[in-house]
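Written out below as structure tokens is the structure these notes cover.
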Amino acid sequence: MHYLSGKHISRRTMLKGASAAIGLPLLDAMIPAGRLWASTEAGKAADRTRLVCIEQVHGAAGCNDLGASQNLWSPAETGRDFDLSPSSLKPLEPFRKYLTIVSDTDARMADAYAPSEIGGDHFRTSAVFLTQAHPRQTEGSDVEVATSFDQLYVQRFGQDTPIPSLQLSIENVDQAGGCAYGYACVYTDTISWSSPSQPLPMIRDPRAVFEQLFGAGGTPEQRAERLATDRSILDWVMGEMSAVRRQLAPADVHRLDQYAHNIRELEQRIQRTEAQNTSGEERQIPEAPIGVPDSFEEHVKLMFDLQVLAFRSDTTRVFSLKLGRDASPRVYPESGVDTPFHASSHHGGREDRVKRFARINEYHVSMIPYFLEQLQQVSEADGTLLDKTMVMYGSAMADSNLHNHARCPLFLVGGAGGILEGEQHIRARPGTPMANVMLSLLHKLGADDVEKFGNSTGQFAI
Amino acid sequence: MTKYTAALLTAGALSLGLAGSAGQSPYVSSSEVVTASHGTGPVTAGANEVVEQFCTRCHNERSRRGDLVLEGFDVADATNRRPTIEKMIRKLRAGMMPPKGARRPDAEVLATMATELETAMDAIAASDPNPGRRTFQRLNRAEYARAIKDLLGLDVDMGAFLPLDTKSANFDNIADVQMPSATVMEGYLRAAGQISRLALGDPEAEVSSSIYRIPRVASQKERVQGAPIGTRGGLSVAHNFPADGNYVFHIMPYAAVEGEVFGRTFGTEQIEVSIDGARVALLTIDRWMSESEPTGLNIRTDSIYVTAGQKRVSVGFIRQFEGVVDDLIRPIDHTLADGQIGIGLGVTTQQHLQRLTVLGPFDVTGVSDTPARRAVFTCRPTLPEEALPCAREIIERMATRAYRRPALERDIEGLLPFYEQGAADGGFEKGIRTALQAILASPHFIFRLERLPTELDAGGIYGIADADLASRLSFFLWGSPPDDELLKRARAGVLSDPDELERQARRMLADPRAEALATRFGAQWLRLQDLDKIHPDALTYPYFDQTLADAMHRETELFFTNLVQEDRSVLDLLTADYTFVNERLARHYGITGVVGPEFKKVSYPTDHRRGLLGHGSVLTLTSHPDRTSPVLRGKWVLEVLLGAPPPPPPPDIPAFEETAAAEEGRLLTVRERMEEHRANPVCSSCHNVIDPLGLALENFDVTGAWRIRDGGNPVDPVGVMYNGTELANPADLRTALLDIPDVILRTFTENLMAYALGRRVEYYDMPTIRQITREAAAEDYRMSAFVLGVVGSPPFRTAQAGAVDDDEPATNQPQPKRD
């Protein structure tokens, strides 16, 4: 966990600087393995698959005819003996045993269905990835899409951990003017929806993620005291809100009730954290990260460190992570490509530029092995965290040059608690909705009461 | 015969192909057009006739251009087509419809028709007023930070607590998109905990580190603002020290390529750390240190004892020489945009600070007096029995300020248990701190709840309560909570009196805090934050660095602030022959006589630059890193100034890079490479509108510097605007825009209103906006006329009680298409 413990000041400096500020290497400082919640009897019963859904925008270079013919994303071979060498997925080679590539599924709910929606693909596609539903075109609060894949899982199995799920993002999304072409920014800014009308904001600052996970305070006593104070404040806030309720207009009451609902969720989080803190022995908490690093790689890896940390301490089991924002002008110099991301994605189908775009895709995928390694290094009684985690990585955009949504990139990696065989490349029949894959995954994950997901037309053999 | 009919006749003649030379239309006594207008009177029939004749060729059921059908359009039925009519007015007033190349009536006909449509809309609004409504707002990042500054005198970075504010219609304060979520509430709760500790100081403060970074592309040649004289480079920041104790300052210089400290060839340098202007450390930098050494490039001070509170920490190099460096190779402004330059002898290079880390506190001795503590502890109990009354007093005062209304007995009763809980545990101070934490987490602080009156009249329209009006006013003009004077007026119940409201607004406009109109409203409307996202190519534009970008941003803010302070005409946005520059920016613009980092007002020496369209900020934020973008500049003009955003581009557009960059050994200009936009009909329908606006600014390069050549070829800024006006330079563009002042002034008013109300402007607001603009004409379009117009308008002072009309789940899920 180099990025979290290494941080920006070297450990050496820290040690020299002040004994009180010793930054212990994270994993060593963490809870002794035997005291993990997941290892308690109750924990074992609920040792559900950890789920991480990662979106990268702008599809992939391998998702048009030229890119497909050169296997820039999907390997030529299906089954076990796929060759990743021409593909942007090449960095996953060391983890091929854990890898399931699902090629050629469609996310047609991101298409335009009305004249006014034409051209607005960049501003609705992110909302489609985990919902596979069609976002209503609006600039107001009457947003509507569908409950997302990760949240359907959370609503069934995520209630045992202090925090049901966390949503993280990498890219700064402060676009002047707001969003365009009649779409509210939330469709562009988040991939997780706890209900069709409730988008979940994504956190970009690793420090904020850390404090959400572990609370503020230097010692267990301080943390306990702060949690207790927070709880009593929230309790009082609820009272204040219901007292003011009848003085407000109906729409305001409606919104206040939504806030009240959020506060109840926070109260539950705090209660669970308190319970967790008192159930075992003292939890040692690593030092908090300082803020948002400049470098994409450092930022992503720090976010991965935090996810491993959260899984390890069983603070939450579900993350969604948005690696970029549609129409992003960000340049990734480390990829060896100096054209901005969005401009690169409009490669015009020209071979040299398609290949250049593939290098950016590969650079993004190359972030994943670090995460898998960190997960693999955490051994629990019955396997590593990697065995228990399912990472889903994909995009609801396919060929970003044309803004189309057919033959989208999607892969799964991690042991997923045994529900995935691994080392598989499955090519879907043309026209298969990506929703079918997600429906089947939900069933495999235990959510077999879900009958239909997005525009699913049936199960997908995975 | 009315003027209208005459004009219409002319139009009819034009359409029949009888027109003479442009502008001199012959009068033709054809009665065809007039006879068509029967029944509802000439005026109504006239507009319908124009629509029928000139609009339905594209806007019909079959073509549906712009997703609009105007067949069978009838002004008499205006009530039912208000959104459409407002769109029509906008396009007509901007001269965008009918488009160039299409059959088009005389300009006068269109103007008359627009007036007629406006009159119809204004009449409907007058008989059926709708002030609109929105759900309540919550404090966004900027407002929360300003509220804390107001309440406790602390600068806090809310980015550490709250997720990014969602923007809508340009602004970060639009109520309906401020979606509730557990993450947001957790952010407020965490902020309350941290900020209450910061404010009173935290004797339990744990050691933490704060990092401040300087980008490579910042020039460190000169003194930075806030740093002591005699230093150069480095940084100067307001840092919150949570407790009295020892702090260590880590300093890291930039390294050159091989890991050695950059600038070692210059000699030995010293770096000074100062707190509130007083030197606390002077360190000599070992010029032989290197990243590859075990100790790295870390320099640290000894433990330095600092008392709690917010202090200005400056770290800068001791300035060793003045004057010009006359090397053969000279990095422009000596930034590190290119770290290769200056690592050998013969090039003057100086060291650059990369990062400052403040680490502490160690060995906390307590918390001594700070401005924030003085703001809170207005009394001190000396006897145990004085504690509770003193606590009551503090809580009442803090709650009144935080809640933006008088604290009620029940508020105080609700907060006292937090005091008692804390006091039982850790004494008086902790009691107050806990109560403050509750105040900062209270819905009365973080939400801007507006109370419904107990009785509503039949129309459901009610006046905003005085206390709520005070908040509306102060968040609009100052971006922060009301001051004592405003609260006092609200308490006296006189704020809803229009005269008093105007008096207060005028008082507030004259207050320095009205700079928020520039830094919050103006900056967002003009999209200044996008400047941070453009990094002009370091090799082509080596003189562009962070220092210059910051100066550009500041220029536009100061310019806007000046419009407010001197109450100048809003049209100065286009016409101003003055601006605000510091030495760095003056040099960029070719203006002489400005010395130092402070800004001063100057007049432009040439007429190349006037108003915003000559500001480096606007010109840079609409460029690509390696070339200008007439498309982005044209789009900016359309969206920001004219309020008429172009439709989205179709997918599969050939990338700009596809176009040949050179021809027969000659580099092509940006303009030449964009010819495809005109050649391809799919592109040209929009780009004929967008591109000429931007091309007129081609004499400004990526960084807004004046140029006469592009890639070696003469710049060709000539084009024809969508309404037929020929544009040959920035002045022509300004003149063309000033020919449609109503459009620009209405767009400005719309934005001002959206920001003031915290909601998007809707079609039913347009009559109000027109009225504000009309009335401002009598005031020479002074800034105050618009601001007061908005403040006095029904949407600002009243609201319509309505049922829940948002967040309603409705199903419009299309069925998947199978193909």
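By convention in this document, the chains of the structure tokens carry letters A, B, ... by their order, each chain's residues are numbered from 1, and ligands are numbered from 1 in the order they are shown.
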Practice task
For chain B, work out the contacting residues on chain A at 7 Å, counting only C-alpha atoms, and write them as a ChimeraX atom specification.
Solution key: /A:21,109,115-116,119-120,134,140-142,175-179,181,184-185,197,200-201,203,205,208,218,233,237,241,247-252,258-259,262-263,265-266,290,346-348,401-403,455
Exercise for the section: Tell me which protein, DNA and RNA residues are within 9 Å of Leu571 (chain B), counting only C-alpha atoms, leaving out same-chain ones fewer than 5 positions away, and put them as a ChimeraX atom specification. Expected result: /B:576,611,738,741,744-745,781-782
Okay, now the selection with C-alpha atoms, as a tab-separated table (two decimals), in the first residue's frame?
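Saved to part-v6.tsv:
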```tsv
chain	number	residue	atom	x	y	z
B	576	ALA	CA	-14.55	49.42	-22.16
B	611	GLY	CA	-14.02	44.96	-23.05
B	738	LEU	CA	-23.67	46.23	-29.92
B	741	PRO	CA	-27.76	45.27	-27.32
B	744	ILE	CA	-26.83	40.87	-24.69
B	745	LEU	CA	-28.53	42.81	-21.92
B	781	TYR	CA	-27.86	50.42	-18.44
B	782	ARG	CA	-26.01	50.98	-15.20
```
Exercise for the section: Taking the chain letters and numbering used in this document, name the residues of region 26-220 of chain A that DSSP puts in strand (DSSP E), as a VMD selection string. Expected result: chain A and resid 50 to 55 99 to 103 166 to 169 193 to 195 198 to 199
